>>> print(open('model.txt').read())   # compact mmCIF, C-alpha atoms and all ligand atoms
# COMPACT_ATOMS: atom_id res chain seq x y z
CA MET A 1 104.40 120.23 86.18
CA PRO A 2 101.16 121.00 88.03
CA GLU A 3 100.83 120.46 91.79
CA LEU A 4 97.78 119.98 94.03
CA ARG A 5 97.65 121.89 97.32
CA TRP A 6 95.09 121.74 100.11
CA GLY A 7 94.74 124.33 102.85
CA PRO A 8 92.84 123.89 106.14
CA LEU A 9 91.45 127.43 106.33
CA ARG A 10 89.49 127.26 103.10
CA ARG A 11 89.29 123.46 103.00
CA ARG A 12 89.87 123.45 99.29
CA TRP A 13 92.20 121.89 96.82
CA VAL A 14 93.88 124.29 94.44
CA ILE A 15 95.93 123.48 91.38
CA VAL A 16 99.21 125.32 90.98
CA ALA A 17 100.03 125.10 87.26
CA PRO A 18 102.60 127.74 86.27
CA GLU A 19 102.82 126.52 82.64
CA ARG A 20 99.26 127.72 82.05
CA GLY A 21 100.48 131.28 82.51
CA LYS A 22 102.25 130.95 79.18
CA ARG A 23 99.09 130.20 77.18
CA PRO A 24 98.61 132.30 74.08
CA SER A 25 95.24 133.93 73.61
CA ASP A 26 93.73 134.68 70.25
CA PHE A 27 91.42 137.17 71.94
CA ARG A 28 94.36 139.43 72.78
CA ALA A 29 95.57 140.12 69.28
CA GLN A 30 92.99 139.00 66.76
CA ALA A 31 94.74 138.71 63.40
CA SER A 32 91.49 138.34 61.49
CA PRO A 33 87.95 139.49 62.32
CA PRO A 34 86.40 137.58 65.23
CA GLY A 35 84.41 134.63 63.99
CA GLN A 36 86.78 133.80 61.15
CA GLY A 37 89.35 131.08 61.28
CA THR A 38 92.98 132.13 61.18
CA SER A 39 95.92 130.24 59.79
CA GLU A 40 97.12 130.03 63.41
CA CYS A 41 93.90 128.56 64.88
CA PRO A 42 95.01 125.12 66.10
CA PHE A 43 91.42 123.86 66.05
CA CYS A 44 90.66 124.70 62.41
CA PRO A 45 90.84 121.99 59.71
CA GLY A 46 94.25 121.95 58.06
CA ASN A 47 96.00 122.91 61.30
CA GLU A 48 95.75 119.53 62.99
CA HIS A 49 99.56 119.47 63.29
CA LEU A 50 99.36 122.43 65.69
CA THR A 51 97.68 120.37 68.44
CA PRO A 52 99.28 117.63 70.54
CA PRO A 53 98.62 114.11 69.14
CA GLU A 54 94.91 113.39 68.80
CA ILE A 55 93.12 111.25 71.41
CA ALA A 56 89.94 110.55 69.46
CA ARG A 57 88.00 111.68 66.42
CA THR A 58 84.58 111.28 64.88
CA PRO A 59 85.05 110.95 61.12
CA GLY A 60 83.39 113.61 58.98
CA PRO A 61 83.28 114.90 55.40
CA GLY A 62 86.59 116.82 55.54
CA GLY A 63 88.30 114.15 57.65
CA TRP A 64 86.69 114.79 61.03
CA ALA A 65 83.49 116.08 62.59
CA VAL A 66 84.69 116.14 66.23
CA ARG A 67 88.27 115.88 67.50
CA VAL A 68 89.64 115.37 70.99
CA VAL A 69 93.19 116.45 71.81
CA PRO A 70 95.15 116.87 75.04
CA ASN A 71 95.20 120.45 76.32
CA LYS A 72 98.54 121.90 75.29
CA PHE A 73 98.79 123.70 78.64
CA PRO A 74 97.20 121.16 80.99
CA ALA A 75 95.87 122.09 84.43
CA LEU A 76 96.63 118.51 85.52
CA SER A 77 98.79 115.86 83.88
CA ASP A 78 100.08 112.33 83.92
CA TYR A 79 101.89 111.08 87.03
CA PRO A 80 102.35 107.48 88.14
CA ASP A 81 100.56 108.22 91.43
CA LEU A 82 99.10 110.94 93.63
CA GLY A 83 102.06 111.09 96.05
CA LEU A 84 99.97 112.73 98.78
CA GLU A 85 101.99 114.14 101.68
CA GLY A 86 101.52 116.54 104.59
CA GLN A 87 103.45 119.81 104.79
CA GLY A 88 102.75 121.23 108.25
CA VAL A 89 99.07 122.18 108.28
CA PHE A 90 98.91 121.81 104.50
CA ARG A 91 98.77 118.85 102.15
CA LYS A 92 100.35 118.54 98.77
CA ALA A 93 100.14 116.03 95.97
CA ASN A 94 101.21 115.50 92.40
CA GLY A 95 98.97 117.26 89.89
CA LEU A 96 97.71 113.91 88.67
CA GLY A 97 94.83 114.11 86.21
CA ALA A 98 93.94 114.56 82.58
CA HIS A 99 92.96 117.63 80.61
CA GLU A 100 91.34 117.17 77.23
CA VAL A 101 89.80 119.50 74.68
CA VAL A 102 86.82 118.47 72.57
CA ILE A 103 86.82 120.52 69.35
CA ASP A 104 83.08 120.82 68.78
CA SER A 105 83.24 120.97 64.98
CA PRO A 106 85.50 122.12 62.12
CA ASP A 107 83.48 125.37 62.06
CA HIS A 108 85.48 128.21 63.62
CA ALA A 109 82.51 130.52 64.00
CA ARG A 110 79.52 128.45 65.12
CA ASP A 111 79.01 127.40 68.73
CA LEU A 112 76.62 124.60 69.76
CA ASP A 113 73.60 126.90 69.57
CA ARG A 114 74.06 127.37 65.81
CA LEU A 115 75.49 124.00 64.76
CA PRO A 116 73.11 121.49 63.13
CA LEU A 117 71.40 119.23 65.67
CA GLU A 118 73.12 116.16 64.18
CA GLN A 119 76.51 117.76 64.87
CA VAL A 120 75.55 118.58 68.48
CA ARG A 121 74.53 114.94 68.85
CA LEU A 122 78.01 113.86 67.66
CA VAL A 123 79.53 116.21 70.25
CA VAL A 124 77.36 114.71 73.02
CA ASP A 125 78.39 111.20 71.91
CA MET A 126 82.03 112.28 72.18
CA TYR A 127 81.48 113.78 75.64
CA ILE A 128 80.15 110.43 76.79
CA ALA A 129 82.90 108.39 75.12
CA ARG A 130 85.61 110.50 76.80
CA LEU A 131 83.87 110.53 80.20
CA GLN A 132 83.58 106.75 80.04
CA ALA A 133 87.25 106.38 79.09
CA LEU A 134 88.41 108.67 81.92
CA TYR A 135 86.04 107.06 84.45
CA SER A 136 87.53 103.67 83.68
CA ASP A 137 91.13 104.88 84.20
CA GLY A 138 91.07 103.95 87.89
CA ARG A 139 93.35 106.80 89.06
CA PHE A 140 90.75 109.58 89.03
CA ARG A 141 88.11 110.61 91.58
CA TYR A 142 86.10 112.99 89.44
CA VAL A 143 85.69 114.02 85.83
CA GLN A 144 84.50 117.55 85.09
CA LEU A 145 83.04 118.41 81.70
CA PHE A 146 82.72 122.14 81.07
CA LYS A 147 82.64 124.79 78.42
CA ASN A 148 84.16 128.25 78.52
CA HIS A 149 82.73 130.47 75.81
CA GLY A 150 84.01 133.95 75.07
CA ARG A 151 86.86 135.82 76.66
CA GLU A 152 84.79 136.71 79.74
CA GLY A 153 83.89 133.04 80.00
CA GLY A 154 87.56 132.15 80.33
CA ALA A 155 88.14 130.82 76.82
CA SER A 156 91.58 131.56 75.39
CA LEU A 157 90.76 130.31 71.90
CA ALA A 158 87.71 131.47 69.96
CA HIS A 159 87.12 128.23 68.04
CA PRO A 160 84.21 126.54 69.89
CA HIS A 161 85.41 123.76 72.13
CA THR A 162 84.55 121.95 75.34
CA GLN A 163 86.98 120.78 78.01
CA ILE A 164 87.24 117.78 80.28
CA ILE A 165 89.45 117.67 83.36
CA ALA A 166 89.82 114.47 85.37
CA THR A 167 90.98 115.08 88.95
CA SER A 168 92.61 112.68 91.37
CA VAL A 169 91.02 114.39 94.39
CA LEU A 170 87.35 115.20 94.88
CA PRO A 171 86.86 118.97 94.41
CA SER A 172 85.12 120.74 97.32
CA GLU A 173 82.12 122.04 95.37
CA VAL A 174 81.45 118.54 94.07
CA GLU A 175 81.74 117.07 97.55
CA TRP A 176 79.28 119.63 98.99
CA ARG A 177 76.69 118.86 96.32
CA LEU A 178 77.03 115.12 96.81
CA ALA A 179 76.72 115.50 100.58
CA ALA A 180 73.64 117.76 100.21
CA ALA A 181 71.90 115.19 98.00
CA ARG A 182 72.90 112.28 100.25
CA ASP A 183 71.76 114.05 103.43
CA HIS A 184 68.42 115.09 101.92
CA HIS A 185 67.80 111.50 100.93
CA ALA A 186 68.78 110.24 104.37
CA ALA A 187 66.37 112.70 106.02
CA THR A 188 63.39 112.37 103.67
CA GLY A 189 63.88 109.19 101.66
CA ARG A 190 63.61 111.28 98.50
CA CYS A 191 66.00 112.45 95.77
CA LEU A 192 66.50 116.20 96.13
CA LEU A 193 66.33 117.00 92.42
CA CYS A 194 63.32 114.76 91.79
CA GLU A 195 61.51 116.61 94.56
CA MET A 196 62.66 120.00 93.29
CA MET A 197 61.37 119.19 89.80
CA GLU A 198 57.97 118.19 91.17
CA GLU A 199 57.69 121.52 92.96
CA GLU A 200 58.81 123.50 89.90
CA LEU A 201 56.40 121.67 87.60
CA SER A 202 53.51 122.40 89.89
CA ALA A 203 54.49 126.07 90.43
CA GLN A 204 55.24 126.71 86.70
CA VAL A 205 56.96 130.04 87.29
CA ARG A 206 60.61 129.12 86.76
CA VAL A 207 60.16 126.42 84.10
CA VAL A 208 61.77 127.52 80.85
CA GLU A 209 61.17 124.34 78.86
CA GLU A 210 59.84 120.86 79.51
CA ASP A 211 59.55 117.80 77.35
CA ASP A 212 59.24 114.10 78.13
CA GLN A 213 62.90 113.74 78.98
CA PHE A 214 64.31 117.04 80.24
CA LEU A 215 63.33 120.04 82.29
CA VAL A 216 65.04 123.41 81.89
CA LEU A 217 64.74 125.70 84.90
CA SER A 218 65.70 129.14 85.98
CA PRO A 219 66.85 128.00 89.45
CA TYR A 220 65.02 129.31 92.54
CA ASP A 221 68.31 130.19 94.24
CA THR A 222 69.82 131.59 91.07
CA ARG A 223 73.24 133.23 91.43
CA PHE A 224 73.53 134.93 88.05
CA PRO A 225 71.12 136.60 85.61
CA PHE A 226 69.70 134.04 83.14
CA GLU A 227 71.44 131.07 84.79
CA LEU A 228 69.89 127.82 83.54
CA LEU A 229 69.64 124.32 84.93
CA ILE A 230 69.01 121.26 82.73
CA VAL A 231 67.75 118.18 84.60
CA PRO A 232 66.71 114.77 83.23
CA ARG A 233 63.04 114.09 84.13
CA GLU A 234 63.72 110.48 85.01
CA HIS A 235 65.95 109.93 88.01
CA ALA A 236 69.54 109.18 86.88
CA HIS A 237 72.83 109.71 88.71
CA ASP A 238 75.19 109.06 85.85
CA PHE A 239 75.35 111.24 82.71
CA PRO A 240 77.44 108.79 80.64
CA ALA A 241 74.71 106.15 81.06
CA LEU A 242 72.32 108.12 78.81
CA SER A 243 70.60 105.92 76.21
CA GLY A 244 70.81 106.73 72.50
CA GLU A 245 67.37 108.32 72.53
CA GLU A 246 68.20 110.38 75.61
CA ARG A 247 71.44 111.60 74.04
CA ALA A 248 69.53 112.89 71.02
CA SER A 249 67.06 114.59 73.29
CA PHE A 250 69.85 116.08 75.44
CA ALA A 251 71.62 117.43 72.33
CA GLY A 252 68.38 119.21 71.42
CA VAL A 253 67.77 120.67 74.86
CA LEU A 254 71.38 121.86 75.19
CA LYS A 255 71.32 123.51 71.75
CA ARG A 256 67.96 125.19 72.44
CA SER A 257 69.01 126.43 75.88
CA LEU A 258 72.14 128.06 74.45
CA ALA A 259 70.08 129.43 71.55
CA ARG A 260 67.65 131.02 74.04
CA LEU A 261 70.57 132.83 75.65
CA SER A 262 72.10 133.99 72.37
CA SER A 263 68.75 135.06 70.96
CA LEU A 264 68.12 137.15 74.08
CA LEU A 265 71.64 138.33 74.86
CA GLY A 266 73.66 138.00 71.63
CA ASP A 267 77.01 136.23 71.69
CA VAL A 268 77.09 136.17 75.47
CA PRO A 269 80.12 134.73 77.27
CA TYR A 270 79.09 131.74 79.35
CA ASN A 271 80.24 128.62 81.13
CA PHE A 272 78.42 125.35 81.32
CA VAL A 273 79.32 122.73 83.89
CA LEU A 274 78.14 119.16 84.18
CA HIS A 275 77.49 117.68 87.60
CA THR A 276 77.51 113.91 87.38
CA SER A 277 78.39 110.99 89.61
CA PRO A 278 82.05 110.78 90.75
CA CYS A 279 84.36 107.85 89.93
CA GLY A 280 84.78 104.92 92.28
CA GLY A 281 82.64 103.58 95.10
CA ASP A 282 83.13 106.19 97.85
CA TRP A 283 79.44 107.14 97.95
CA PRO A 284 77.34 104.06 98.78
CA GLY A 285 73.83 104.04 97.33
CA ILE A 286 74.59 107.04 95.11
CA GLU A 287 72.40 105.73 92.30
CA GLY A 288 69.39 106.25 94.58
CA TRP A 289 70.06 109.80 95.73
CA TYR A 290 72.24 111.67 93.26
CA HIS A 291 70.68 113.19 90.16
CA TRP A 292 72.93 114.54 87.41
CA HIS A 293 72.37 118.06 86.09
CA LEU A 294 74.00 120.66 83.91
CA GLU A 295 74.28 124.35 84.75
CA ILE A 296 74.67 127.13 82.19
CA ILE A 297 76.03 130.37 83.60
CA PRO A 298 76.02 133.50 81.41
CA ARG A 299 78.88 135.76 82.47
CA LEU A 300 77.07 139.07 82.69
CA THR A 301 78.00 140.01 86.25
CA LYS A 302 81.38 140.08 87.94
CA LEU A 303 82.16 138.48 91.25
CA ALA A 304 83.35 141.24 93.58
CA GLY A 305 84.42 141.75 97.19
CA PHE A 306 81.17 140.75 98.85
CA GLU A 307 80.89 137.51 96.88
CA TRP A 308 84.53 136.64 97.52
CA GLY A 309 84.13 137.43 101.21
CA THR A 310 80.88 135.62 101.85
CA GLY A 311 80.16 133.14 99.05
CA MET A 312 76.79 134.96 98.86
CA PHE A 313 75.81 136.10 95.36
CA ILE A 314 73.94 139.26 94.48
CA ASN A 315 71.75 138.67 91.44
CA PRO A 316 70.17 141.77 89.89
CA MET A 317 67.49 139.69 88.12
CA SER A 318 64.85 137.45 89.67
CA PRO A 319 64.76 133.88 88.32
CA GLU A 320 61.02 134.29 87.70
CA ALA A 321 61.62 137.29 85.41
CA ALA A 322 64.53 135.51 83.71
CA ALA A 323 62.32 132.45 83.05
CA GLU A 324 59.67 134.62 81.45
CA HIS A 325 62.21 136.18 79.07
CA LEU A 326 63.87 132.85 78.30
CA ARG A 327 60.64 130.96 77.60
CA THR A 328 59.81 133.22 74.66
CA ALA A 329 63.37 133.51 73.34
CA VAL A 330 64.42 130.83 70.92
ZN ZN K 401 89.41 127.69 64.23
ZN ZN K 402 66.29 112.12 91.25
>>> encode(input="model.txt", output="structure tokens")
Amino acid sequence: MPELRWGPLRRRWVIVAPERGKRPSDFRAQASPPGQGTSECPFCPGNEHLTPPEIARTPGPGGWAVRVVPNKFPALSDYPDLGLEGQGVFRKANGLGAHEVVIDSPDHARDLDRLPLEQVRLVVDMYIARLQALYSDGRFRYVQLFKNHGREGGASLAHPHTQIIATSVLPSEVEWRLAAARDHHAATGRCLLCEMMEEELSAQVRVVEEDDQFLVLSPYDTRFPFELLIVPREHAHDFPALSGEERASFAGVLKRSLARLSSLLGDVPYNFVLHTSPCGGDWPGIEGWYHWHLEIIPRLTKLAGFEWGTGMFINPMSPEAAAEHLRTAV
């Protein structure tokens, strides 16, 4: 069973989950050509019995359009409580959380960039339904929605899917971002992302796409080549609170952003990560100063010694040049 550990030198929680070492990978020994479903793919239609019992489904022509199942090798799992205790200078706790997999569609070969817009909308609806369910659990501090695509992106199964992990502690990166937004607001009275968007819209050098509802940017302090940031134009701290119209618009902007990357770079491995409001009331006034956003990170460069040592990234491509390429690629 997974365990949470916190160390004072790095001030980070880590998850120790030995069971995950036993995960099979269909990238290692591909029985059929990549892009085709195999009789062993647990996410393909007809193989539903190969996944743990289903959590949710959106009905579709062949039975389902989107399915949600527990991760068979969860990073965190069900415990009655956190059981936090000190161990000398360290802290440890039960690996309390939830780890779910959203199977994006019955199609083994098409990721969100190539699925019909209506299907992407169903996926977004499912993201929100699961985030809302996990937020209302009461035992969790944060819910992370993310996608690993391709072997270099950390995916172990090729069939397109998204993952959701609910944590019972607040991860450090999330805490830093929340504190940065809160402190900026305390110092200036303004939301950091609202202000950033104003500057980007007036400069017009890193804007990849803008419509009435969303802005897609190549971030000023970009860490990776072709990294993208999707931000709602109207101030909003909470992704699951998107209205129906905004969900449709978000599905479109997400699909197009991924399509820009694949049109420019082919079937590039990537991660996307959602940054939305945490659970609970630990951050007073958060609705005024936090602004949700989604980052897409193509995995074209490797983190090496300098990055690990310093947390400082070396990006071989300027965000201005990346924006220029991405604007014309769709
Ligand atoms: Zn499949
Ligand atoms: Zn804002």
>>> closest_residue(input="model.txt", among="A:Pro160, A:Gly288, A:Gly266, A:Pro52", to="Arg182 of chain A", atoms="all atoms listed in the file")
A:Gly288
>>> residues_near_ligand(input="model.txt", ligand="ligand ZN 402 (chain K)", cutoff="8 Å", atoms="all atoms listed in the file", output="ChimeraX atom specification")
/A:190-195,234-237,288-291
>>> atom_distance(input="model.txt", atom1="atom CA of Asp104 of chain A", atom2="atom CA of Met1 of chain A")
27.5 Å
>>> atom_distance(input="model.txt", atom1="atom CA of Lys72 of chain A", atom2="atom CA of Arg23 of chain A")
8.5 Å
>>> residues_near_ligand(input="model.txt", ligand="ligand ZN 401 (chain K)", cutoff="8 Å", atoms="all atoms listed in the file", output="PDB file with C-alpha atoms, in the frame of the given file")
ATOM      1  CA  GLN A  36      86.780 133.800  61.150  1.00  0.00           C
ATOM      2  CA  GLY A  37      89.350 131.080  61.280  1.00  0.00           C
ATOM      3  CA  THR A  38      92.980 132.130  61.180  1.00  0.00           C
ATOM      4  CA  CYS A  41      93.900 128.560  64.880  1.00  0.00           C
ATOM      5  CA  PRO A  42      95.010 125.120  66.100  1.00  0.00           C
ATOM      6  CA  PHE A  43      91.420 123.860  66.050  1.00  0.00           C
ATOM      7  CA  CYS A  44      90.660 124.700  62.410  1.00  0.00           C
ATOM      8  CA  PRO A  45      90.840 121.990  59.710  1.00  0.00           C
ATOM      9  CA  PRO A 106      85.500 122.120  62.120  1.00  0.00           C
ATOM     10  CA  ASP A 107      83.480 125.370  62.060  1.00  0.00           C
ATOM     11  CA  HIS A 108      85.480 128.210  63.620  1.00  0.00           C
ATOM     12  CA  ALA A 109      82.510 130.520  64.000  1.00  0.00           C
ATOM     13  CA  ALA A 158      87.710 131.470  69.960  1.00  0.00           C
ATOM     14  CA  HIS A 159      87.120 128.230  68.040  1.00  0.00           C
ATOM     15  CA  PRO A 160      84.210 126.540  69.890  1.00  0.00           C
TER      16      PRO A 160
END
>>> closest_residue(input="model.txt", among="A:Ile296, A:Leu145, A:Val16, A:Val69", to="Val216 of chain A", atoms="only C-alpha atoms")
A:Ile296
>>> decode(input="model.txt", residues="segment 222-251 of chain A", atoms="N, CA and C atoms", output="PDB file, in the first residue's frame")
ATOM      1  N   THR A 222       9.039  30.377 -20.246  1.00  0.00           N
ATOM      2  CA  THR A 222       8.839  29.009 -20.710  1.00  0.00           C
ATOM      3  C   THR A 222      10.004  28.109 -20.295  1.00  0.00           C
ATOM      4  N   ARG A 223       9.699  26.883 -19.916  1.00  0.00           N
ATOM      5  CA  ARG A 223      10.731  25.939 -19.486  1.00  0.00           C
ATOM      6  C   ARG A 223      11.113  24.960 -20.579  1.00  0.00           C
ATOM      7  N   PHE A 224      10.147  24.694 -21.485  1.00  0.00           N
ATOM      8  CA  PHE A 224      10.344  23.654 -22.491  1.00  0.00           C
ATOM      9  C   PHE A 224       9.956  24.196 -23.868  1.00  0.00           C
ATOM     10  N   PRO A 225      10.571  23.684 -24.942  1.00  0.00           N
ATOM     11  CA  PRO A 225      10.173  24.120 -26.278  1.00  0.00           C
ATOM     12  C   PRO A 225       8.688  23.815 -26.531  1.00  0.00           C
ATOM     13  N   PHE A 226       7.972  24.803 -27.035  1.00  0.00           N
ATOM     14  CA  PHE A 226       6.566  24.676 -27.426  1.00  0.00           C
ATOM     15  C   PHE A 226       5.606  24.428 -26.246  1.00  0.00           C
ATOM     16  N   GLU A 227       6.055  24.730 -25.044  1.00  0.00           N
ATOM     17  CA  GLU A 227       5.152  24.687 -23.878  1.00  0.00           C
ATOM     18  C   GLU A 227       3.984  25.651 -24.128  1.00  0.00           C
ATOM     19  N   LEU A 228       2.788  25.257 -23.712  1.00  0.00           N
ATOM     20  CA  LEU A 228       1.610  26.106 -23.908  1.00  0.00           C
ATOM     21  C   LEU A 228       0.852  26.300 -22.600  1.00  0.00           C
ATOM     22  N   LEU A 229       0.221  27.447 -22.512  1.00  0.00           N
ATOM     23  CA  LEU A 229      -0.579  27.773 -21.334  1.00  0.00           C
ATOM     24  C   LEU A 229      -1.965  28.204 -21.802  1.00  0.00           C
ATOM     25  N   ILE A 230      -2.998  27.528 -21.291  1.00  0.00           N
ATOM     26  CA  ILE A 230      -4.389  27.908 -21.622  1.00  0.00           C
ATOM     27  C   ILE A 230      -4.986  28.585 -20.395  1.00  0.00           C
ATOM     28  N   VAL A 231      -5.507  29.800 -20.592  1.00  0.00           N
ATOM     29  CA  VAL A 231      -6.055  30.568 -19.459  1.00  0.00           C
ATOM     30  C   VAL A 231      -7.447  31.083 -19.831  1.00  0.00           C
ATOM     31  N   PRO A 232      -8.439  30.932 -18.926  1.00  0.00           N
ATOM     32  CA  PRO A 232      -9.743  31.541 -19.223  1.00  0.00           C
ATOM     33  C   PRO A 232      -9.635  33.068 -19.165  1.00  0.00           C
ATOM     34  N   ARG A 233     -10.276  33.759 -20.142  1.00  0.00           N
ATOM     35  CA  ARG A 233     -10.169  35.224 -20.213  1.00  0.00           C
ATOM     36  C   ARG A 233     -10.818  35.869 -19.000  1.00  0.00           C
ATOM     37  N   GLU A 234     -11.944  35.324 -18.585  1.00  0.00           N
ATOM     38  CA  GLU A 234     -12.646  35.888 -17.432  1.00  0.00           C
ATOM     39  C   GLU A 234     -12.079  35.274 -16.154  1.00  0.00           C
ATOM     40  N   HIS A 235     -11.850  36.089 -15.161  1.00  0.00           N
ATOM     41  CA  HIS A 235     -11.262  35.599 -13.921  1.00  0.00           C
ATOM     42  C   HIS A 235     -12.100  34.464 -13.308  1.00  0.00           C
ATOM     43  N   ALA A 236     -11.467  33.331 -13.023  1.00  0.00           N
ATOM     44  CA  ALA A 236     -12.159  32.192 -12.412  1.00  0.00           C
ATOM     45  C   ALA A 236     -11.133  31.330 -11.695  1.00  0.00           C
ATOM     46  N   HIS A 237     -11.404  30.964 -10.457  1.00  0.00           N
ATOM     47  CA  HIS A 237     -10.412  30.194  -9.694  1.00  0.00           C
ATOM     48  C   HIS A 237     -10.642  28.695  -9.795  1.00  0.00           C
ATOM     49  N   ASP A 238     -11.853  28.318 -10.246  1.00  0.00           N
ATOM     50  CA  ASP A 238     -12.284  26.944 -10.065  1.00  0.00           C
ATOM     51  C   ASP A 238     -12.686  26.323 -11.404  1.00  0.00           C
ATOM     52  N   PHE A 239     -11.864  25.426 -11.922  1.00  0.00           N
ATOM     53  CA  PHE A 239     -12.153  24.794 -13.218  1.00  0.00           C
ATOM     54  C   PHE A 239     -13.506  24.075 -13.240  1.00  0.00           C
ATOM     55  N   PRO A 240     -13.843  23.277 -12.204  1.00  0.00           N
ATOM     56  CA  PRO A 240     -15.122  22.557 -12.287  1.00  0.00           C
ATOM     57  C   PRO A 240     -16.350  23.463 -12.337  1.00  0.00           C
ATOM     58  N   ALA A 241     -16.192  24.757 -12.067  1.00  0.00           N
ATOM     59  CA  ALA A 241     -17.350  25.655 -12.114  1.00  0.00           C
ATOM     60  C   ALA A 241     -17.634  26.181 -13.525  1.00  0.00           C
ATOM     61  N   LEU A 242     -16.918  25.680 -14.531  1.00  0.00           N
ATOM     62  CA  LEU A 242     -17.165  26.131 -15.910  1.00  0.00           C
ATOM     63  C   LEU A 242     -18.632  25.930 -16.299  1.00  0.00           C
ATOM     64  N   SER A 243     -19.191  26.922 -16.997  1.00  0.00           N
ATOM     65  CA  SER A 243     -20.569  26.791 -17.483  1.00  0.00           C
ATOM     66  C   SER A 243     -20.574  25.872 -18.719  1.00  0.00           C
ATOM     67  N   GLY A 244     -21.767  25.485 -19.143  1.00  0.00           N
ATOM     68  CA  GLY A 244     -21.889  24.616 -20.313  1.00  0.00           C
ATOM     69  C   GLY A 244     -21.217  25.215 -21.542  1.00  0.00           C
ATOM     70  N   GLU A 245     -21.449  26.501 -21.752  1.00  0.00           N
ATOM     71  CA  GLU A 245     -20.881  27.181 -22.918  1.00  0.00           C
ATOM     72  C   GLU A 245     -19.355  27.229 -22.820  1.00  0.00           C
ATOM     73  N   GLU A 246     -18.859  27.477 -21.617  1.00  0.00           N
ATOM     74  CA  GLU A 246     -17.408  27.533 -21.412  1.00  0.00           C
ATOM     75  C   GLU A 246     -16.756  26.156 -21.597  1.00  0.00           C
ATOM     76  N   ARG A 247     -17.456  25.118 -21.194  1.00  0.00           N
ATOM     77  CA  ARG A 247     -16.930  23.749 -21.386  1.00  0.00           C
ATOM     78  C   ARG A 247     -16.744  23.453 -22.867  1.00  0.00           C
ATOM     79  N   ALA A 248     -17.755  23.834 -23.665  1.00  0.00           N
ATOM     80  CA  ALA A 248     -17.678  23.598 -25.113  1.00  0.00           C
ATOM     81  C   ALA A 248     -16.496  24.357 -25.688  1.00  0.00           C
ATOM     82  N   SER A 249     -16.338  25.578 -25.224  1.00  0.00           N
ATOM     83  CA  SER A 249     -15.260  26.411 -25.719  1.00  0.00           C
ATOM     84  C   SER A 249     -13.900  25.858 -25.277  1.00  0.00           C
ATOM     85  N   PHE A 250     -13.833  25.366 -24.040  1.00  0.00           N
ATOM     86  CA  PHE A 250     -12.588  24.784 -23.538  1.00  0.00           C
ATOM     87  C   PHE A 250     -12.230  23.511 -24.315  1.00  0.00           C
ATOM     88  N   ALA A 251     -13.240  22.684 -24.609  1.00  0.00           N
ATOM     89  CA  ALA A 251     -12.980  21.467 -25.396  1.00  0.00           C
ATOM     90  C   ALA A 251     -12.331  21.846 -26.726  1.00  0.00           C
TER      91      ALA A 251
END
